[in-house]
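Q: Contents of entry.pdb (PDB, C-alpha atoms):
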MODEL        1
ATOM      1  CA  MET A   1       0.000   0.000   0.000
ATOM      2  CA  ARG A   2       2.828   2.394   0.883
ATOM      3  CA  PHE A   3       4.444   1.612  -2.426
ATOM      4  CA  LEU A   4       1.221   2.419  -4.282
ATOM      5  CA  ILE A   5       0.837   5.712  -2.409
ATOM      6  CA  TYR A   6       4.459   6.529  -3.187
ATOM      7  CA  LEU A   7       3.965   5.637  -6.857
ATOM      8  CA  VAL A   8       0.850   7.824  -7.134
ATOM      9  CA  ALA A   9       2.606  10.729  -5.423
ATOM     10  CA  VAL A  10       5.637  10.484  -7.700
ATOM     11  CA  SER A  11       3.438  10.216 -10.811
ATOM     12  CA  ALA A  12       1.409  13.242  -9.733
ATOM     13  CA  ALA A  13       4.566  15.226  -9.081
ATOM     14  CA  LEU A  14       6.043  14.278 -12.452
ATOM     15  CA  TRP A  15       2.808  15.143 -14.286
ATOM     16  CA  SER A  16       2.549  18.453 -12.430
ATOM     17  CA  GLY A  17       6.109  19.221 -13.433
ATOM     18  CA  TYR A  18       5.352  18.316 -17.044
ATOM     19  CA  TRP A  19       2.274  20.572 -17.060
ATOM     20  CA  PHE A  20       4.165  23.464 -15.489
ATOM     21  CA  VAL A  21       7.064  23.173 -17.951
ATOM     22  CA  GLY A  22       4.707  22.779 -20.908
ATOM     23  CA  SER A  23       2.421  25.666 -19.962
ATOM     24  CA  THR A  24       5.402  27.933 -19.271
ATOM     25  CA  ALA A  25       6.945  27.051 -22.635
ATOM     26  CA  LYS A  26       3.655  27.681 -24.460
ATOM     27  CA  HIS A  27       3.218  31.014 -22.683
ATOM     28  CA  SER A  28       6.754  32.049 -23.643
ATOM     29  CA  VAL A  29       6.338  31.017 -27.306
ATOM     30  CA  ILE A  30       3.091  32.972 -27.695
ATOM     31  CA  GLU A  31       4.476  36.068 -25.958
ATOM     32  CA  ALA A  32       7.565  35.885 -28.199
ATOM     33  CA  TRP A  33       5.300  35.778 -31.272
ATOM     34  CA  PHE A  34       3.478  38.905 -30.122
ATOM     35  CA  GLU A  35       6.794  40.647 -29.497
ATOM     36  CA  GLU A  36       7.962  39.735 -33.006
ATOM     37  CA  ARG A  37       4.806  41.306 -34.436
ATOM     38  CA  ARG A  38       5.422  44.503 -32.479
ATOM     39  CA  LEU A  39       9.003  44.681 -33.719
ATOM     40  CA  ALA A  40       7.640  44.285 -37.261
ATOM     41  CA  GLY A  41       5.481  47.389 -36.758
ATOM     42  CA  TRP A  42       2.219  45.713 -35.815
ATOM     43  CA  THR A  43      -0.166  46.607 -33.054
ATOM     44  CA  ALA A  44      -0.280  43.355 -31.076
ATOM     45  CA  GLY A  45      -1.673  43.224 -27.587
ATOM     46  CA  TYR A  46      -4.253  42.053 -25.085
ATOM     47  CA  SER A  47      -5.486  43.079 -21.657
ATOM     48  CA  SER A  48      -4.756  39.593 -20.293
ATOM     49  CA  PHE A  49      -3.338  36.281 -21.486
ATOM     50  CA  ASP A  50      -3.043  33.061 -19.488
ATOM     51  CA  VAL A  51      -2.335  29.389 -20.094
ATOM     52  CA  VAL A  52      -4.750  27.398 -17.923
ATOM     53  CA  GLY A  53      -6.291  23.939 -17.674
ATOM     54  CA  PHE A  54      -4.197  21.995 -15.160
ATOM     55  CA  PRO A  55      -3.810  19.063 -15.174
ATOM     56  CA  ASN A  56      -4.999  17.846 -18.596
ATOM     57  CA  ARG A  57      -5.212  20.939 -20.798
ATOM     58  CA  PHE A  58      -3.030  23.675 -22.235
ATOM     59  CA  ASP A  59      -5.690  26.341 -22.900
ATOM     60  CA  SER A  60      -4.563  29.782 -24.013
ATOM     61  CA  ARG A  61      -7.115  32.436 -23.085
ATOM     62  CA  PHE A  62      -6.976  35.995 -24.394
ATOM     63  CA  VAL A  63      -9.047  38.972 -23.283
ATOM     64  CA  ASP A  64      -9.360  42.102 -25.461
ATOM     65  CA  LEU A  65      -7.119  40.700 -28.171
ATOM     66  CA  GLU A  66      -6.000  43.130 -30.880
ATOM     67  CA  LEU A  67      -3.814  42.554 -33.944
ATOM     68  CA  ALA A  68      -3.215  45.175 -36.628
ATOM     69  CA  ASP A  69      -0.740  45.387 -39.499
ATOM     70  CA  LYS A  70      -0.426  49.118 -40.114
ATOM     71  CA  ARG A  71       1.423  48.553 -43.386
ATOM     72  CA  THR A  72      -1.414  46.637 -45.054
ATOM     73  CA  GLY A  73      -4.359  48.100 -43.130
ATOM     74  CA  TRP A  74      -5.484  44.666 -41.893
ATOM     75  CA  SER A  75      -6.638  44.233 -38.283
ATOM     76  CA  TRP A  76      -8.565  41.895 -36.023
ATOM     77  CA  SER A  77      -9.993  42.493 -32.576
ATOM     78  CA  ALA A  78     -11.944  40.193 -30.267
ATOM     79  CA  PRO A  79     -13.066  40.605 -26.653
ATOM     80  CA  LEU A  80     -12.291  36.915 -26.009
ATOM     81  CA  PHE A  81     -10.355  34.228 -27.884
ATOM     82  CA  ASN A  82      -9.399  30.721 -26.762
ATOM     83  CA  ILE A  83      -6.901  28.218 -28.163
ATOM     84  CA  LEU A  84      -7.569  24.832 -26.574
ATOM     85  CA  ALA A  85      -5.354  21.724 -26.483
ATOM     86  CA  LEU A  86      -5.090  18.567 -24.409
ATOM     87  CA  SER A  87      -1.792  18.383 -22.541
ATOM     88  CA  TYR A  88      -1.348  14.765 -23.674
ATOM     89  CA  GLN A  89      -2.391  15.483 -27.302
ATOM     90  CA  PRO A  90      -0.762  18.800 -28.311
ATOM     91  CA  ASN A  91      -1.093  18.019 -32.036
ATOM     92  CA  HIS A  92      -4.883  18.596 -31.808
ATOM     93  CA  ILE A  93      -5.720  22.307 -31.477
ATOM     94  CA  ILE A  94      -9.159  23.916 -31.129
ATOM     95  CA  ALA A  95      -9.849  27.633 -31.600
ATOM     96  CA  VAL A  96     -12.989  29.256 -30.173
ATOM     97  CA  TRP A  97     -14.049  32.741 -31.288
ATOM     98  CA  PRO A  98     -16.354  35.126 -29.389
ATOM     99  CA  HIS A  99     -19.914  35.937 -30.429
ATOM    100  CA  THR A 100     -18.701  39.256 -31.872
ATOM    101  CA  GLN A 101     -15.411  40.119 -33.551
ATOM    102  CA  VAL A 102     -14.210  42.817 -35.917
ATOM    103  CA  ILE A 103     -11.920  42.414 -38.926
ATOM    104  CA  GLY A 104     -10.487  45.618 -40.351
ATOM    105  CA  PHE A 105      -9.697  46.032 -44.036
ATOM    106  CA  PRO A 106      -8.140  49.064 -45.751
ATOM    107  CA  LEU A 107     -11.543  50.318 -46.965
ATOM    108  CA  GLU A 108     -13.835  49.391 -44.062
ATOM    109  CA  ASP A 109     -14.305  47.354 -40.903
ATOM    110  CA  VAL A 110     -16.379  44.172 -40.952
ATOM    111  CA  THR A 111     -18.244  42.942 -37.865
ATOM    112  CA  ILE A 112     -18.885  39.201 -37.527
ATOM    113  CA  ASN A 113     -21.595  37.909 -35.190
ATOM    114  CA  SER A 114     -22.359  34.243 -34.486
ATOM    115  CA  THR A 115     -23.817  32.077 -31.768
ATOM    116  CA  GLU A 116     -20.961  29.626 -32.288
ATOM    117  CA  MET A 117     -17.681  29.728 -34.192
ATOM    118  CA  ARG A 118     -15.000  27.162 -33.561
ATOM    119  CA  ALA A 119     -12.348  25.375 -35.571
ATOM    120  CA  SER A 120     -10.014  22.463 -34.993
ATOM    121  CA  VAL A 121      -6.864  21.236 -36.669
ATOM    122  CA  VAL A 122      -5.074  17.930 -36.185
ATOM    123  CA  PHE A 123      -1.499  17.312 -37.285
ATOM    124  CA  GLU A 124       0.297  14.005 -37.472
ATOM    125  CA  ALA A 125       2.409  13.481 -34.347
ATOM    126  CA  ASN A 126       5.806  13.689 -36.052
ATOM    127  CA  THR A 127       8.427  16.289 -36.956
ATOM    128  CA  SER A 128       6.945  17.050 -40.390
ATOM    129  CA  LEU A 129       3.562  17.962 -38.823
ATOM    130  CA  ALA A 130       1.585  16.732 -41.824
ATOM    131  CA  LEU A 131      -1.998  18.009 -41.838
ATOM    132  CA  GLU A 132      -4.421  15.224 -40.934
ATOM    133  CA  ARG A 133      -7.759  17.048 -40.719
ATOM    134  CA  THR A 134      -9.386  20.423 -40.090
ATOM    135  CA  ALA A 135     -12.908  21.579 -39.298
ATOM    136  CA  LEU A 136     -14.658  24.933 -39.005
ATOM    137  CA  ARG A 137     -18.283  25.449 -37.999
ATOM    138  CA  THR A 138     -20.375  28.539 -37.376
ATOM    139  CA  SER A 139     -24.040  28.962 -36.460
ATOM    140  CA  ALA A 140     -26.331  31.976 -36.921
ATOM    141  CA  LEU A 141     -23.607  33.800 -38.829
ATOM    142  CA  LYS A 142     -24.175  37.504 -39.556
ATOM    143  CA  ILE A 143     -21.623  39.756 -41.231
ATOM    144  CA  PHE A 144     -21.964  43.550 -41.385
ATOM    145  CA  GLY A 145     -19.822  45.931 -43.418
ATOM    146  CA  GLY A 146     -19.033  49.434 -42.262
ATOM    147  CA  SER A 147     -20.502  50.820 -45.487
ATOM    148  CA  GLY A 148     -23.913  49.303 -44.683
ATOM    149  CA  TRP A 149     -23.972  45.931 -46.466
ATOM    150  CA  SER A 150     -24.780  42.669 -44.692
ATOM    151  CA  THR A 151     -24.991  38.931 -45.307
ATOM    152  CA  SER A 152     -25.980  35.994 -43.121
ATOM    153  CA  ALA A 153     -26.270  32.202 -42.991
ATOM    154  CA  GLN A 154     -28.024  29.749 -40.734
ATOM    155  CA  SER A 155     -24.862  27.647 -40.654
ATOM    156  CA  LEU A 156     -21.513  27.421 -42.408
ATOM    157  CA  SER A 157     -19.058  24.545 -42.229
ATOM    158  CA  PHE A 158     -15.709  23.710 -43.803
ATOM    159  CA  SER A 159     -13.685  20.548 -43.292
ATOM    160  CA  THR A 160     -10.700  18.735 -44.741
ATOM    161  CA  ARG A 161      -9.367  15.244 -44.137
ATOM    162  CA  GLN A 162      -6.348  13.451 -45.519
ATOM    163  CA  SER A 163      -7.494  10.682 -47.840
ATOM    164  CA  VAL A 164      -7.208   7.161 -46.479
ATOM    165  CA  ASN A 165      -5.697   5.806 -49.704
ATOM    166  CA  ASN A 166      -3.445   8.692 -50.769
ATOM    167  CA  ASP A 167      -1.208  10.832 -48.547
ATOM    168  CA  LEU A 168      -1.204  13.552 -51.225
ATOM    169  CA  ALA A 169      -5.010  13.810 -51.398
ATOM    170  CA  HIS A 170      -7.436  15.640 -49.118
ATOM    171  CA  ASP A 171     -11.224  15.412 -48.954
ATOM    172  CA  ILE A 172     -12.593  18.963 -48.746
ATOM    173  CA  VAL A 173     -16.217  19.833 -47.950
ATOM    174  CA  PHE A 174     -17.783  23.306 -47.765
ATOM    175  CA  GLU A 175     -21.475  23.823 -46.982
ATOM    176  CA  VAL A 176     -23.682  26.846 -46.346
ATOM    177  CA  VAL A 177     -27.331  26.536 -45.302
ATOM    178  CA  ASN A 178     -29.883  29.343 -45.793
ATOM    179  CA  LEU A 179     -27.484  31.942 -47.112
ATOM    180  CA  THR A 180     -28.766  35.512 -47.477
ATOM    181  CA  PRO A 181     -26.429  37.234 -49.961
ATOM    182  CA  THR A 182     -25.731  40.954 -49.906
ATOM    183  CA  LYS A 183     -28.205  43.213 -51.675
ATOM    184  CA  LEU A 184     -25.459  44.253 -54.113
ATOM    185  CA  PHE A 185     -24.800  40.631 -55.103
ATOM    186  CA  LYS A 186     -28.511  39.792 -55.276
ATOM    187  CA  ASN A 187     -29.288  42.818 -57.449
ATOM    188  CA  SER A 188     -26.344  42.154 -59.770
ATOM    189  CA  ILE A 189     -27.367  38.504 -60.313
ATOM    190  CA  ASP A 190     -31.133  39.004 -60.172
ATOM    191  CA  PRO A 191     -31.962  42.634 -61.058
ATOM    192  CA  ALA A 192     -35.589  41.714 -61.813
ATOM    193  CA  ASN A 193     -35.926  40.263 -58.270
ATOM    194  CA  THR A 194     -37.373  36.954 -59.458
ATOM    195  CA  LEU A 195     -35.553  34.828 -56.875
ATOM    196  CA  PRO A 196     -36.113  34.556 -53.112
ATOM    197  CA  ALA A 197     -33.805  36.407 -50.746
ATOM    198  CA  VAL A 198     -32.319  33.173 -49.352
ATOM    199  CA  ILE A 199     -30.157  30.579 -51.129
ATOM    200  CA  THR A 200     -31.352  27.351 -49.526
ATOM    201  CA  ARG A 201     -28.109  25.399 -49.787
ATOM    202  CA  LEU A 202     -24.638  25.552 -51.266
ATOM    203  CA  LEU A 203     -22.460  22.416 -51.132
ATOM    204  CA  VAL A 204     -18.961  21.758 -52.465
ATOM    205  CA  ASP A 205     -17.728  18.197 -51.818
ATOM    206  CA  THR A 206     -14.366  17.526 -53.471
ATOM    207  CA  GLU A 207     -11.176  15.533 -53.305
ATOM    208  CA  ILE A 208      -7.992  17.304 -54.387
ATOM    209  CA  VAL A 209      -4.726  15.524 -55.119
ATOM    210  CA  TYR A 210      -1.663  17.739 -54.524
ATOM    211  CA  ASP A 211       1.904  17.491 -55.764
ATOM    212  CA  VAL A 212       3.437  17.394 -52.265
ATOM    213  CA  PRO A 213       2.014  16.691 -48.783
ATOM    214  CA  TRP A 214       0.454  19.462 -46.708
ATOM    215  CA  ASP A 215       3.115  19.629 -43.988
ATOM    216  CA  ARG A 216       5.618  21.957 -42.362
ATOM    217  CA  ILE A 217       8.140  21.477 -45.169
ATOM    218  CA  ALA A 218       5.637  22.420 -47.875
ATOM    219  CA  VAL A 219       4.545  25.563 -46.044
ATOM    220  CA  GLU A 220       8.171  26.652 -45.681
ATOM    221  CA  ASN A 221       9.065  25.925 -49.324
ATOM    222  CA  GLY A 222       5.830  26.896 -51.122
ATOM    223  CA  LEU A 223       2.246  25.744 -50.791
ATOM    224  CA  PRO A 224       1.167  22.432 -52.404
ATOM    225  CA  LEU A 225      -0.365  22.716 -55.878
ATOM    226  CA  ALA A 226      -3.368  20.779 -57.156
ATOM    227  CA  GLN A 227      -2.751  17.970 -59.671
ATOM    228  CA  ARG A 228      -6.267  16.530 -59.859
ATOM    229  CA  ILE A 229      -9.668  17.837 -58.729
ATOM    230  CA  ILE A 230     -12.453  15.322 -58.146
ATOM    231  CA  LEU A 231     -15.925  16.840 -57.773
ATOM    232  CA  ASN A 232     -18.025  14.420 -55.735
ATOM    233  CA  ASP A 233     -20.974  16.774 -55.378
ATOM    234  CA  VAL A 234     -21.180  20.472 -56.186
ATOM    235  CA  SER A 235     -24.774  21.622 -55.800
ATOM    236  CA  THR A 236     -26.933  24.595 -54.938
ATOM    237  CA  VAL A 237     -30.638  25.329 -54.590
ATOM    238  CA  TRP A 238     -31.998  28.860 -55.028
ATOM    239  CA  GLY A 239     -35.741  29.128 -55.472
ATOM    240  CA  ASP A 240     -36.788  27.125 -58.532
ATOM    241  CA  LEU A 241     -33.198  27.027 -59.801
ATOM    242  CA  GLY A 242     -30.900  24.144 -59.032
ATOM    243  CA  LEU A 243     -27.430  22.970 -59.986
ATOM    244  CA  LYS A 244     -25.662  19.669 -59.424
ATOM    245  CA  ALA A 245     -22.245  18.753 -60.790
ATOM    246  CA  ASP A 246     -19.757  15.898 -60.468
ATOM    247  CA  GLY A 247     -16.705  14.781 -62.391
ATOM    248  CA  ALA A 248     -12.915  14.998 -62.425
ATOM    249  CA  LEU A 249     -10.399  17.481 -63.804
ATOM    250  CA  ASP A 250      -6.649  17.111 -64.224
ATOM    251  CA  VAL A 251      -4.318  20.085 -63.876
ATOM    252  CA  GLY A 252      -1.631  20.131 -66.567
ATOM    253  CA  SER A 253       1.927  21.285 -66.050
ATOM    254  CA  ASP A 254       0.870  24.587 -67.643
ATOM    255  CA  GLY A 255      -2.023  25.027 -65.187
ATOM    256  CA  LEU A 256      -4.742  24.291 -67.754
ATOM    257  CA  LEU A 257      -7.608  21.972 -66.851
ATOM    258  CA  SER A 258      -8.681  18.874 -68.772
ATOM    259  CA  GLY A 259     -11.560  16.510 -68.127
ATOM    260  CA  LYS A 260     -15.350  16.400 -67.929
ATOM    261  CA  VAL A 261     -17.910  17.524 -65.385
ATOM    262  CA  SER A 262     -21.490  16.263 -65.594
ATOM    263  CA  LEU A 263     -24.018  19.071 -65.105
ATOM    264  CA  ASP A 264     -27.625  18.717 -64.015
ATOM    265  CA  ILE A 265     -29.326  22.135 -64.148
ATOM    266  CA  LYS A 266     -32.894  22.605 -62.962
ATOM    267  CA  ASN A 267     -34.808  25.309 -64.898
ATOM    268  CA  TRP A 268     -31.922  26.027 -67.253
ATOM    269  CA  ARG A 269     -33.879  28.752 -69.065
ATOM    270  CA  GLY A 270     -34.187  30.612 -65.772
ATOM    271  CA  VAL A 271     -30.428  30.312 -65.286
ATOM    272  CA  LEU A 272     -29.861  31.600 -68.824
ATOM    273  CA  ALA A 273     -32.235  34.521 -68.221
ATOM    274  CA  LEU A 274     -30.259  35.453 -65.106
ATOM    275  CA  GLY A 275     -27.077  35.387 -67.163
ATOM    276  CA  VAL A 276     -28.578  37.861 -69.624
ATOM    277  CA  SER A 277     -30.149  40.191 -67.036
ATOM    278  CA  SER A 278     -26.939  40.297 -64.982
ATOM    279  CA  GLY A 279     -24.789  41.000 -68.046
ATOM    280  CA  LEU A 280     -22.937  37.696 -67.933
ATOM    281  CA  PHE A 281     -24.152  36.850 -71.465
ATOM    282  CA  ASN A 282     -24.892  39.215 -74.307
ATOM    283  CA  ALA A 283     -28.069  38.726 -76.340
ATOM    284  CA  THR A 284     -26.272  37.090 -79.267
ATOM    285  CA  LEU A 285     -24.542  34.464 -77.124
ATOM    286  CA  ALA A 286     -27.738  33.899 -75.133
ATOM    287  CA  ASP A 287     -29.725  33.198 -78.315
ATOM    288  CA  ARG A 288     -27.057  30.770 -79.512
ATOM    289  CA  LEU A 289     -26.996  29.000 -76.147
ATOM    290  CA  GLU A 290     -30.782  28.767 -75.977
ATOM    291  CA  THR A 291     -30.970  27.285 -79.477
ATOM    292  CA  GLY A 292     -28.311  24.698 -78.755
ATOM    293  CA  LEU A 293     -29.598  23.815 -75.294
ATOM    294  CA  SER A 294     -33.162  23.495 -76.604
ATOM    295  CA  LEU A 295     -31.933  20.840 -79.020
ATOM    296  CA  LEU A 296     -30.080  19.039 -76.240
ATOM    297  CA  THR A 297     -33.147  18.912 -73.986
ATOM    298  CA  SER A 298     -35.886  18.423 -76.592
ATOM    299  CA  LEU A 299     -35.847  14.625 -76.304
ATOM    300  CA  SER A 300     -35.468  14.444 -72.520
ATOM    301  CA  ASP A 301     -38.244  13.558 -70.098
ATOM    302  CA  ASN A 302     -38.194  17.095 -68.687
ATOM    303  CA  PRO A 303     -37.059  19.759 -71.215
ATOM    304  CA  GLN A 304     -36.920  22.341 -68.417
ATOM    305  CA  ASN A 305     -33.920  20.573 -66.932
ATOM    306  CA  LEU A 306     -30.537  20.200 -68.603
ATOM    307  CA  LYS A 307     -28.146  17.282 -68.303
ATOM    308  CA  ALA A 308     -24.949  17.758 -70.276
ATOM    309  CA  PRO A 309     -21.171  17.391 -69.935
ATOM    310  CA  LEU A 310     -18.996  20.415 -69.326
ATOM    311  CA  THR A 311     -15.749  19.592 -71.151
ATOM    312  CA  PHE A 312     -12.340  21.149 -70.478
ATOM    313  CA  ALA A 313      -9.763  20.577 -73.232
ATOM    314  CA  ASP A 314      -6.931  22.547 -74.862
ATOM    315  CA  GLY A 315      -7.633  25.563 -72.681
ATOM    316  CA  GLN A 316     -11.267  25.778 -73.814
ATOM    317  CA  ILE A 317     -14.635  24.934 -72.230
ATOM    318  CA  SER A 318     -17.668  23.532 -74.022
ATOM    319  CA  LEU A 319     -21.142  22.611 -72.786
ATOM    320  CA  GLY A 320     -22.107  19.558 -74.766
ATOM    321  CA  PRO A 321     -21.342  20.548 -78.381
ATOM    322  CA  ILE A 322     -21.553  24.303 -77.609
ATOM    323  CA  PRO A 323     -18.199  26.109 -77.144
ATOM    324  CA  LEU A 324     -18.200  28.554 -74.223
ATOM    325  CA  GLY A 325     -14.728  30.062 -74.496
ATOM    326  CA  PRO A 326     -11.376  29.928 -72.663
ATOM    327  CA  GLY A 327     -11.122  27.949 -69.457
ATOM    328  CA  PRO A 328      -9.384  28.971 -66.233
ATOM    329  CA  ARG A 329      -5.671  28.524 -65.682
ATOM    330  CA  LEU A 330      -4.424  27.429 -62.261
ATOM    331  CA  SER A 331      -0.898  27.813 -60.932
ATOM    332  CA  PRO A 332       1.510  25.758 -63.111
ATOM    333  CA  ARG A 333       2.779  22.571 -61.480
ATOM    334  CA  ARG A 334       6.327  22.313 -60.223
ATOM    335  CA  ARG A 335       8.727  20.700 -62.644
TER
ENDMDL
END
Translate this file's structure into structure tokens.
A:
Amino acid sequence: MRFLIYLVAVSAALWSGYWFVGSTAKHSVIEAWFEERRLAGWTAGYSSFDVVGFPNRFDSRFVDLELADKRTGWSWSAPLFNILALSYQPNHIIAVWPHTQVIGFPLEDVTINSTEMRASVVFEANTSLALERTALRTSALKIFGGSGWSTSAQSLSFSTRQSVNNDLAHDIVFEVVNLTPTKLFKNSIDPANTLPAVITRLLVDTEIVYDVPWDRIAVENGLPLAQRIILNDVSTVWGDLGLKADGALDVGSDGLLSGKVSLDIKNWRGVLALGVSSGLFNATLADRLETGLSLLTSLSDNPQNLKAPLTFADGQISLGPIPLGPGPRLSPRRR
């Protein structure tokens, strides 16, 4: 029994020492980072900063946090901000934002309100610190610009996860539910006000294969570049309009895309009309598209909906047999 008591006491003392050393080191590293920012000309400060959570957590808690790069005009201020980590799992970090925060841009300040905003990131427990997964979620998101614009969403989420079968690939999912776009965006896309104020859903579910792993070495030497983009499900619903797409695109050494994406467009004439009213298409191109798309859909079960391949080849894009023009060019791959 005495031996057990002695063993527990020694273990507790060792763990307490580990926590004290670890929390002190974390406190010193963060304070050194703030001092580096100040030396670089930033405004970087807080009214209080502590590392708490004994015995099982290393939680960094900031009050009245303020960061500002005077050279670029960028700033961020938050009344509270927490960086959470388990003392026995320091490669898993969670960030928790306050209900209100302000991001400053050169032209105006933007206020962000939410009932919840938190993110997590998990790195592999090795010296390269390869990215394993990330997650961001917000609820009741409302964003206000200093010039008077606003946008909101019931929820917004973003996540990434390293693919099980390929260390160079990451599954990436972005979803917004009940998005209310800004009036400027809504009026530019829908000047006739034929669509509801809320976009019901926007989903982007992809897998991207990169040229090098997402790890510490890549960040230091240049960010990874996409080699292949797999669209599992890209879809949106806005009133009686709908879009669904899936397919795969390869990124050439010159940055040009090649491959096919299957499109399923609900009420394609409504989409085309929006393109004309917003100025995306001129009348001549719109007439040509309507003629060609009418032929494509004339034999389908529902001519109001369009199912056709979007083809990327030789730097050009075509929708079925209809050429649309030059395609996008991504960053060229490393040689």
Q: If we count all atoms listed in the file and set the cut-off at 7 Å, which residues sit around A:Asp264, ignoring sequence neighbours fewer than 5 positions away in its own chain? Please answer as a list in words.
A: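 Those residues are Leu243, Lys244, Ala245, Leu306, Lys307 and Ala308 of chain A.
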Q: Write out as a short mmCIF file (atom, residue, chain, number, x, y, z; two decimals) with C-alpha atoms, in the coordinates of the input which residues come within 10 Å of stretch 185-189 of chain A when counting only C-alpha atoms, dropping same-chain ones fewer than 6 positions away.
A:
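Listed below is the output, selection-v3.cif:
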data_model
loop_
_atom_site.label_atom_id
_atom_site.label_comp_id
_atom_site.auth_asym_id
_atom_site.auth_seq_id
_atom_site.Cartn_x
_atom_site.Cartn_y
_atom_site.Cartn_z
CA THR A 151 -24.99 38.93 -45.31
CA LEU A 195 -35.55 34.83 -56.88
CA PRO A 196 -36.11 34.56 -53.11
CA ALA A 197 -33.80 36.41 -50.75
CA VAL A 198 -32.32 33.17 -49.35
CA LEU A 274 -30.26 35.45 -65.11
CA GLY A 275 -27.08 35.39 -67.16
CA VAL A 276 -28.58 37.86 -69.62
CA SER A 277 -30.15 40.19 -67.04
CA SER A 278 -26.94 40.30 -64.98
CA GLY A 279 -24.79 41.00 -68.05
CA LEU A 280 -22.94 37.70 -67.93
#
Q: A:Ser235, A:Ser294, A:Gln227, A:Gln316: which is nearest A:Val176, counting only C-alpha atoms?
A: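 Ranking A:Ser235, A:Ser294, A:Gln227, A:Gln316 by distance to A:Val176, first place goes to A:Ser235.
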Q: What does the PyMOL selection byres ((chain A and resi 159-162) around 8) select in this file, as an MDAnalysis selection string?
A: chainID A and resid 131:136 157:158 163:164 166:174
Q: Using all atoms listed in the file, which protein or nucleic acid residues come within 6 Å of A:Arg137? Drop anything in the same chain fewer than 3 positions from it, and give the result as a list in words.
A: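 Returned residues: Met117, Arg118, Leu156 and Ser157 of chain A.
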Q: Taking the file as I've supplied it (selection: the PyMOL selection byres ((chain A and resi 251) around 9)), which residues are included? Please answer as a list in words.
A: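 When the PyMOL selection byres ((chain A and resi 251) around 9) is applied, the selected residues are Ala226, Gln227, Arg228, Ile229, Leu249, Asp250, Gly252, Ser253, Asp254, Gly255, Leu256, Leu257, Ser258, Arg329, Leu330, Ser331, Pro332 and Arg333 of chain A.
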Q: Just C-alpha atoms for this one: save the residues we selected as a PDB file, keeping the file's coordinate frame.
A:
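Ended up saving to again-v3.pdb:
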ATOM      1  CA  ALA A 226      -3.368  20.779 -57.156  1.00  0.00           C
ATOM      2  CA  GLN A 227      -2.751  17.970 -59.671  1.00  0.00           C
ATOM      3  CA  ARG A 228      -6.267  16.530 -59.859  1.00  0.00           C
ATOM      4  CA  ILE A 229      -9.668  17.837 -58.729  1.00  0.00           C
ATOM      5  CA  LEU A 249     -10.399  17.481 -63.804  1.00  0.00           C
ATOM      6  CA  ASP A 250      -6.649  17.111 -64.224  1.00  0.00           C
ATOM      7  CA  GLY A 252      -1.631  20.131 -66.567  1.00  0.00           C
ATOM      8  CA  SER A 253       1.927  21.285 -66.050  1.00  0.00           C
ATOM      9  CA  ASP A 254       0.870  24.587 -67.643  1.00  0.00           C
ATOM     10  CA  GLY A 255      -2.023  25.027 -65.187  1.00  0.00           C
ATOM     11  CA  LEU A 256      -4.742  24.291 -67.754  1.00  0.00           C
ATOM     12  CA  LEU A 257      -7.608  21.972 -66.851  1.00  0.00           C
ATOM     13  CA  SER A 258      -8.681  18.874 -68.772  1.00  0.00           C
ATOM     14  CA  ARG A 329      -5.671  28.524 -65.682  1.00  0.00           C
ATOM     15  CA  LEU A 330      -4.424  27.429 -62.261  1.00  0.00           C
ATOM     16  CA  SER A 331      -0.898  27.813 -60.932  1.00  0.00           C
ATOM     17  CA  PRO A 332       1.510  25.758 -63.111  1.00  0.00           C
ATOM     18  CA  ARG A 333       2.779  22.571 -61.480  1.00  0.00           C
TER      19      ARG A 333
END
Q: Quick one: apply the PyMOL selection byres ((chain A and resi 34-42) around 7) to the file and drop the selected residues here as a VMD selection string.
A: chain A and resid 30 to 33 43 to 44 68 to 70
Q: What gap, in Å, lies between atom CA of A:Asn82 and atom CA of A:Ala130?
A: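 Atom-to-atom, atom CA of A:Asn82 to atom CA of A:Ala130, that is 23.3 Å.
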Q: Take atom CA of A:Ser114 and atom CA of A:Ala85 and report the distance between them in Å, one decimal.
A: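 According to the coordinates, atom CA of A:Ser114 and atom CA of A:Ala85 are separated by 22.6 Å.
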Q: Which residue, A:Pro90, A:Gly146, A:Pro191, A:Gly270, has the smallest gap to A:Ile112 when you use all atoms listed in the file?
A: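 Among the listed residues, the smallest separation from A:Ile112 belongs to A:Gly146.
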Q: Go through A:Leu293, A:Val63, A:Leu223, A:Leu84 one by one, measure the shortest atom-to-atom distance of each to A:Phe49 using only C-alpha atoms, and give the residue with the smallest value.
A: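 Checking each candidate against A:Phe49, we get A:Val63 as the closest.
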Q: Please rebuild stretch 295-299 of chain A with N, CA and C atoms and return the result as a PDB file, keeping the file's coordinate frame.
A:
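The resulting file, rebuild33.pdb, is shown below:
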ATOM      1  N   LEU A 295     -32.121  22.088 -78.281  1.00  0.00           N
ATOM      2  CA  LEU A 295     -31.933  20.840 -79.020  1.00  0.00           C
ATOM      3  C   LEU A 295     -31.474  19.723 -78.093  1.00  0.00           C
ATOM      4  N   LEU A 296     -30.595  20.056 -77.153  1.00  0.00           N
ATOM      5  CA  LEU A 296     -30.080  19.039 -76.240  1.00  0.00           C
ATOM      6  C   LEU A 296     -31.178  18.484 -75.343  1.00  0.00           C
ATOM      7  N   THR A 297     -32.134  19.330 -74.956  1.00  0.00           N
ATOM      8  CA  THR A 297     -33.147  18.912 -73.986  1.00  0.00           C
ATOM      9  C   THR A 297     -34.472  18.503 -74.623  1.00  0.00           C
ATOM     10  N   SER A 298     -34.597  18.654 -75.937  1.00  0.00           N
ATOM     11  CA  SER A 298     -35.886  18.423 -76.592  1.00  0.00           C
ATOM     12  C   SER A 298     -36.370  16.982 -76.459  1.00  0.00           C
ATOM     13  N   LEU A 299     -35.450  16.036 -76.372  1.00  0.00           N
ATOM     14  CA  LEU A 299     -35.847  14.625 -76.304  1.00  0.00           C
ATOM     15  C   LEU A 299     -35.831  14.072 -74.880  1.00  0.00           C
TER      16      LEU A 299
END
